[in-house]
Amino acid sequence: MRNKNSKYFIVLALLTALLIVFIVKKRGSRDEFITSEIKASPADIQISVSTTGIVEPQNRLEIKPPINGRIEEILVREGDKVKRGQILAWMSSTERAALLDAARAQNEEKVKYWEDIYRATPLISPIYGEVIVRVVEPGQTLTSSNPVIVLSDRLIVSAQFDETDIGRIQVGQKAFITLDAYPGVKIEGVVDHIAYESELVNNVMIYNVDVLPRQTPDFFRSGMSANVDVVEKSREGVIIIPLAAMYKERNKTFVTVRGKSKNTLEKREIEIGLRDGKHAEIISGLTPDDIVITRGKNYIPRKKKTGTNPFMPSREKRK
């Protein structure tokens, strides 16, 4: 008798569990749960074209000696700002260097005599700029083909855009630069120049675009890798909401908002403008006071379906 009662309770428990699972499943399929509410408040939105680039001088100038000889003195070091006409270094010609060496073997008076008679040759900066490379040191001999100092008028980011994106780039557009070495610092810049001739890189036609920082940070160094975002379009102070809060019906876009009563929901048609991949500008259909419901797929209560027996096998739908 006890065995019969035990079997009866086990069967009853299993049937109850199946019934609960069936009810929960039906509720889940009929209604989608709200996960978040967003207030439709004014904000900024922008569409950007992104690429990579390298920090380099816009104009790189190598200072080479006019004669063969020896460097006697260098007056600047890397990072120094220089003016046009400023003396960067002094050097002796091969003949002067030989005469001075011979005089040093005699006495200081002879050295001073030849220094006054045979003047050193100055190396002069032809531009306003910055010293980015100092190649040699005093005492080093070199020819007129060897660079002594490399100058840069200003450091820029040379960014590469392929031909499918170059039509979206214009001189004067705002841009933002982020260096791989300083990922937490965003530097504002501007598109300064777009190359007129393309280059073939990895079977892709690309154009070099100069992006000029509005203020060059002290940590900018030639050769640094950079990420560049050029702002194609932007809107300020407009209503934006996540794309996940929207849904399509018959080529129209809708959202679900809180009704005037706290426990009611309202379906609202909207018109959208700019989209940045995550958010969209709302041109019409929402006000700053509206509360938008979002959950990945929007909360839209579905119509109730007729119940089916959970204990009967389901039939496959014909396609």
# chains A, B, ... in the order shown; residues from 1 in each chain; ligands from 1
$ closest_atom_pairs --of "range 146-176 of chain A" --to "range 75-83 of chain A" --cutoff "12 Å" --atoms "only C-alpha atoms" --output "JSON lines"
{"residue": "A:Val148", "atom": "CA", "partner": "A:Val76", "partner_atom": "CA", "distance": 11.1}
{"residue": "A:Ile149", "atom": "CA", "partner": "A:Glu78", "partner_atom": "CA", "distance": 8.9}
{"residue": "A:Val150", "atom": "CA", "partner": "A:Glu78", "partner_atom": "CA", "distance": 9.0}
{"residue": "A:Leu151", "atom": "CA", "partner": "A:Val82", "partner_atom": "CA", "distance": 8.8}
{"residue": "A:Ser152", "atom": "CA", "partner": "A:Lys81", "partner_atom": "CA", "distance": 9.6}
{"residue": "A:Asp153", "atom": "CA", "partner": "A:Lys81", "partner_atom": "CA", "distance": 9.6}
{"residue": "A:Arg154", "atom": "CA", "partner": "A:Lys81", "partner_atom": "CA", "distance": 10.5}
{"residue": "A:Leu155", "atom": "CA", "partner": "A:Gly79", "partner_atom": "CA", "distance": 11.8}
$ residues_around --residues "Leu243 in chain A" --least-positions-apart "4" --cutoff "9 Å" --atoms "only C-alpha atoms" --output "PDB file with C-alpha atoms, in the first residue's frame"
ATOM      1  CA  TYR A 247      11.916  48.217 -34.076  1.00  0.00           C
ATOM      2  CA  ARG A 275      23.150  57.068 -36.676  1.00  0.00           C
ATOM      3  CA  GLY A 277      26.222  52.528 -34.918  1.00  0.00           C
ATOM      4  CA  LYS A 278      24.874  52.529 -31.354  1.00  0.00           C
ATOM      5  CA  HIS A 279      22.534  55.534 -31.147  1.00  0.00           C
ATOM      6  CA  ALA A 280      20.322  57.500 -33.485  1.00  0.00           C
ATOM      7  CA  GLY A 296      17.747  44.674 -26.860  1.00  0.00           C
TER       8      GLY A 296
END
$ select_by_dssp --residues "range 72-302 of chain A" --states "strand (DSSP E or B)" --output "PyMOL selection string"
chain A and resi 72-74+81-82+87-93+121-124+129-134+141-142+149-152+155-162+174-179+182-194+199-201+204-213+225-242+247-249+252-258+265-275+279-284+291-294
$ write_last_selection --atoms "C-alpha atoms" --output "mmCIF file, in the first residue's frame"
data_model
loop_
_atom_site.group_PDB
_atom_site.id
_atom_site.type_symbol
_atom_site.label_atom_id
_atom_site.label_comp_id
_atom_site.auth_asym_id
_atom_site.auth_seq_id
_atom_site.Cartn_x
_atom_site.Cartn_y
_atom_site.Cartn_z
ATOM 1 C CA GLU A 72 83.865 70.954 -33.556
ATOM 2 C CA GLU A 73 80.782 71.899 -31.526
ATOM 3 C CA ILE A 74 77.019 71.180 -31.567
ATOM 4 C CA LYS A 81 63.124 74.741 -30.667
ATOM 5 C CA VAL A 82 65.215 76.678 -33.182
ATOM 6 C CA ILE A 87 73.629 78.586 -35.570
ATOM 7 C CA LEU A 88 73.234 74.879 -34.846
ATOM 8 C CA ALA A 89 76.848 73.674 -34.965
ATOM 9 C CA TRP A 90 80.418 74.603 -35.864
ATOM 10 C CA MET A 91 82.695 72.507 -38.056
ATOM 11 C CA SER A 92 86.190 72.635 -39.483
ATOM 12 C CA SER A 93 87.091 71.830 -43.048
ATOM 13 C CA THR A 121 82.155 77.022 -40.658
ATOM 14 C CA PRO A 122 78.718 77.442 -39.049
ATOM 15 C CA LEU A 123 75.716 75.213 -39.772
ATOM 16 C CA ILE A 124 72.629 77.433 -39.786
ATOM 17 C CA GLY A 129 61.279 74.278 -36.187
ATOM 18 C CA GLU A 130 62.313 71.598 -33.742
ATOM 19 C CA VAL A 131 65.353 69.340 -33.582
ATOM 20 C CA ILE A 132 64.095 65.761 -33.920
ATOM 21 C CA VAL A 133 67.385 63.974 -34.679
ATOM 22 C CA ARG A 134 70.987 64.729 -33.689
ATOM 23 C CA THR A 141 84.499 63.539 -39.247
ATOM 24 C CA LEU A 142 81.965 63.510 -42.066
ATOM 25 C CA ILE A 149 70.856 67.434 -37.585
ATOM 26 C CA VAL A 150 67.273 66.768 -38.703
ATOM 27 C CA LEU A 151 64.658 69.504 -38.233
ATOM 28 C CA SER A 152 60.862 69.392 -38.350
ATOM 29 C CA LEU A 155 54.670 67.084 -36.173
ATOM 30 C CA ILE A 156 51.465 65.798 -37.743
ATOM 31 C CA VAL A 157 49.673 62.480 -38.106
ATOM 32 C CA SER A 158 49.867 61.004 -41.591
ATOM 33 C CA ALA A 159 46.670 58.955 -41.856
ATOM 34 C CA GLN A 160 45.785 56.510 -44.623
ATOM 35 C CA PHE A 161 42.235 56.346 -46.024
ATOM 36 C CA ASP A 162 41.212 53.921 -48.758
ATOM 37 C CA LYS A 174 37.503 68.149 -37.070
ATOM 38 C CA ALA A 175 39.446 65.038 -36.092
ATOM 39 C CA PHE A 176 40.492 63.241 -32.923
ATOM 40 C CA ILE A 177 43.877 61.542 -32.482
ATOM 41 C CA THR A 178 44.702 58.777 -30.012
ATOM 42 C CA LEU A 179 48.262 57.450 -29.709
ATOM 43 C CA TYR A 182 48.912 57.189 -24.630
ATOM 44 C CA PRO A 183 45.496 55.531 -25.181
ATOM 45 C CA GLY A 184 43.790 57.587 -22.475
ATOM 46 C CA VAL A 185 44.570 60.966 -24.097
ATOM 47 C CA LYS A 186 42.355 62.227 -26.936
ATOM 48 C CA ILE A 187 43.954 65.020 -28.989
ATOM 49 C CA GLU A 188 41.815 67.332 -31.089
ATOM 50 C CA GLY A 189 43.043 68.020 -34.602
ATOM 51 C CA VAL A 190 41.982 69.147 -38.046
ATOM 52 C CA VAL A 191 42.358 67.747 -41.576
ATOM 53 C CA ASP A 192 45.091 69.909 -43.108
ATOM 54 C CA HIS A 193 45.859 68.281 -46.462
ATOM 55 C CA ILE A 194 44.586 65.454 -48.681
ATOM 56 C CA GLU A 199 49.291 54.749 -53.457
ATOM 57 C CA LEU A 200 48.796 51.010 -53.828
ATOM 58 C CA VAL A 201 49.142 49.317 -50.416
ATOM 59 C CA VAL A 204 44.194 48.690 -51.957
ATOM 60 C CA MET A 205 44.333 52.246 -53.286
ATOM 61 C CA ILE A 206 44.917 54.605 -50.367
ATOM 62 C CA TYR A 207 45.314 58.362 -49.944
ATOM 63 C CA ASN A 208 47.548 60.005 -47.343
ATOM 64 C CA VAL A 209 45.798 62.656 -45.269
ATOM 65 C CA ASP A 210 47.649 65.100 -42.995
ATOM 66 C CA VAL A 211 45.896 65.578 -39.654
ATOM 67 C CA LEU A 212 47.300 68.543 -37.761
ATOM 68 C CA PRO A 213 46.947 68.652 -33.938
ATOM 69 C CA SER A 225 51.376 54.837 -34.092
ATOM 70 C CA ALA A 226 48.034 56.639 -33.937
ATOM 71 C CA ASN A 227 44.312 56.072 -34.400
ATOM 72 C CA VAL A 228 42.401 58.838 -36.162
ATOM 73 C CA ASP A 229 38.662 59.598 -36.149
ATOM 74 C CA VAL A 230 37.596 62.262 -38.651
ATOM 75 C CA VAL A 231 34.166 63.736 -37.867
ATOM 76 C CA GLU A 232 32.058 63.587 -41.028
ATOM 77 C CA LYS A 233 28.756 64.869 -39.568
ATOM 78 C CA SER A 234 27.647 65.907 -36.102
ATOM 79 C CA ARG A 235 24.619 67.256 -34.243
ATOM 80 C CA GLU A 236 24.626 68.959 -30.863
ATOM 81 C CA GLY A 237 21.808 69.111 -28.334
ATOM 82 C CA VAL A 238 19.499 66.663 -30.140
ATOM 83 C CA ILE A 239 17.442 63.795 -28.725
ATOM 84 C CA ILE A 240 19.248 60.474 -29.165
ATOM 85 C CA ILE A 241 18.291 56.969 -28.055
ATOM 86 C CA PRO A 242 19.905 53.525 -28.501
ATOM 87 C CA TYR A 247 11.916 48.217 -34.076
ATOM 88 C CA LYS A 248 10.559 48.150 -37.623
ATOM 89 C CA GLU A 249 7.063 47.462 -38.806
ATOM 90 C CA LYS A 252 8.224 52.403 -40.269
ATOM 91 C CA THR A 253 10.255 52.843 -37.093
ATOM 92 C CA PHE A 254 8.680 52.614 -33.646
ATOM 93 C CA VAL A 255 9.608 52.736 -29.970
ATOM 94 C CA THR A 256 7.749 51.904 -26.812
ATOM 95 C CA VAL A 257 7.340 54.672 -24.223
ATOM 96 C CA ARG A 258 5.773 54.984 -20.823
ATOM 97 C CA LEU A 265 2.900 51.485 -22.395
ATOM 98 C CA GLU A 266 2.493 53.337 -25.657
ATOM 99 C CA LYS A 267 3.679 52.493 -29.137
ATOM 100 C CA ARG A 268 5.150 55.586 -30.835
ATOM 101 C CA GLU A 269 6.247 56.119 -34.440
ATOM 102 C CA ILE A 270 9.510 58.065 -34.801
ATOM 103 C CA GLU A 271 11.666 59.574 -37.529
ATOM 104 C CA ILE A 272 15.425 59.158 -37.173
ATOM 105 C CA GLY A 273 18.374 61.157 -38.515
ATOM 106 C CA LEU A 274 22.080 60.516 -37.880
ATOM 107 C CA ARG A 275 23.150 57.068 -36.676
ATOM 108 C CA HIS A 279 22.534 55.534 -31.147
ATOM 109 C CA ALA A 280 20.322 57.500 -33.485
ATOM 110 C CA GLU A 281 19.112 61.091 -33.625
ATOM 111 C CA ILE A 282 15.340 61.488 -33.197
ATOM 112 C CA ILE A 283 13.938 64.054 -35.609
ATOM 113 C CA SER A 284 10.286 63.634 -34.593
ATOM 114 C CA ILE A 291 10.647 57.552 -21.083
ATOM 115 C CA VAL A 292 11.734 54.970 -23.661
ATOM 116 C CA ILE A 293 11.651 51.248 -22.886
ATOM 117 C CA THR A 294 14.570 49.171 -24.170
#
$ select_by_dssp --residues "range 2-242 of chain A" --states "helix (DSSP H, G or I)" --output "PyMOL selection string"
chain A and resi 2-30+94-104+108-117+166-168
$ atom_distance --atom1 "CA of Ile71 in chain A" --atom2 "CA of Ser145 in chain A"
13.9 Å
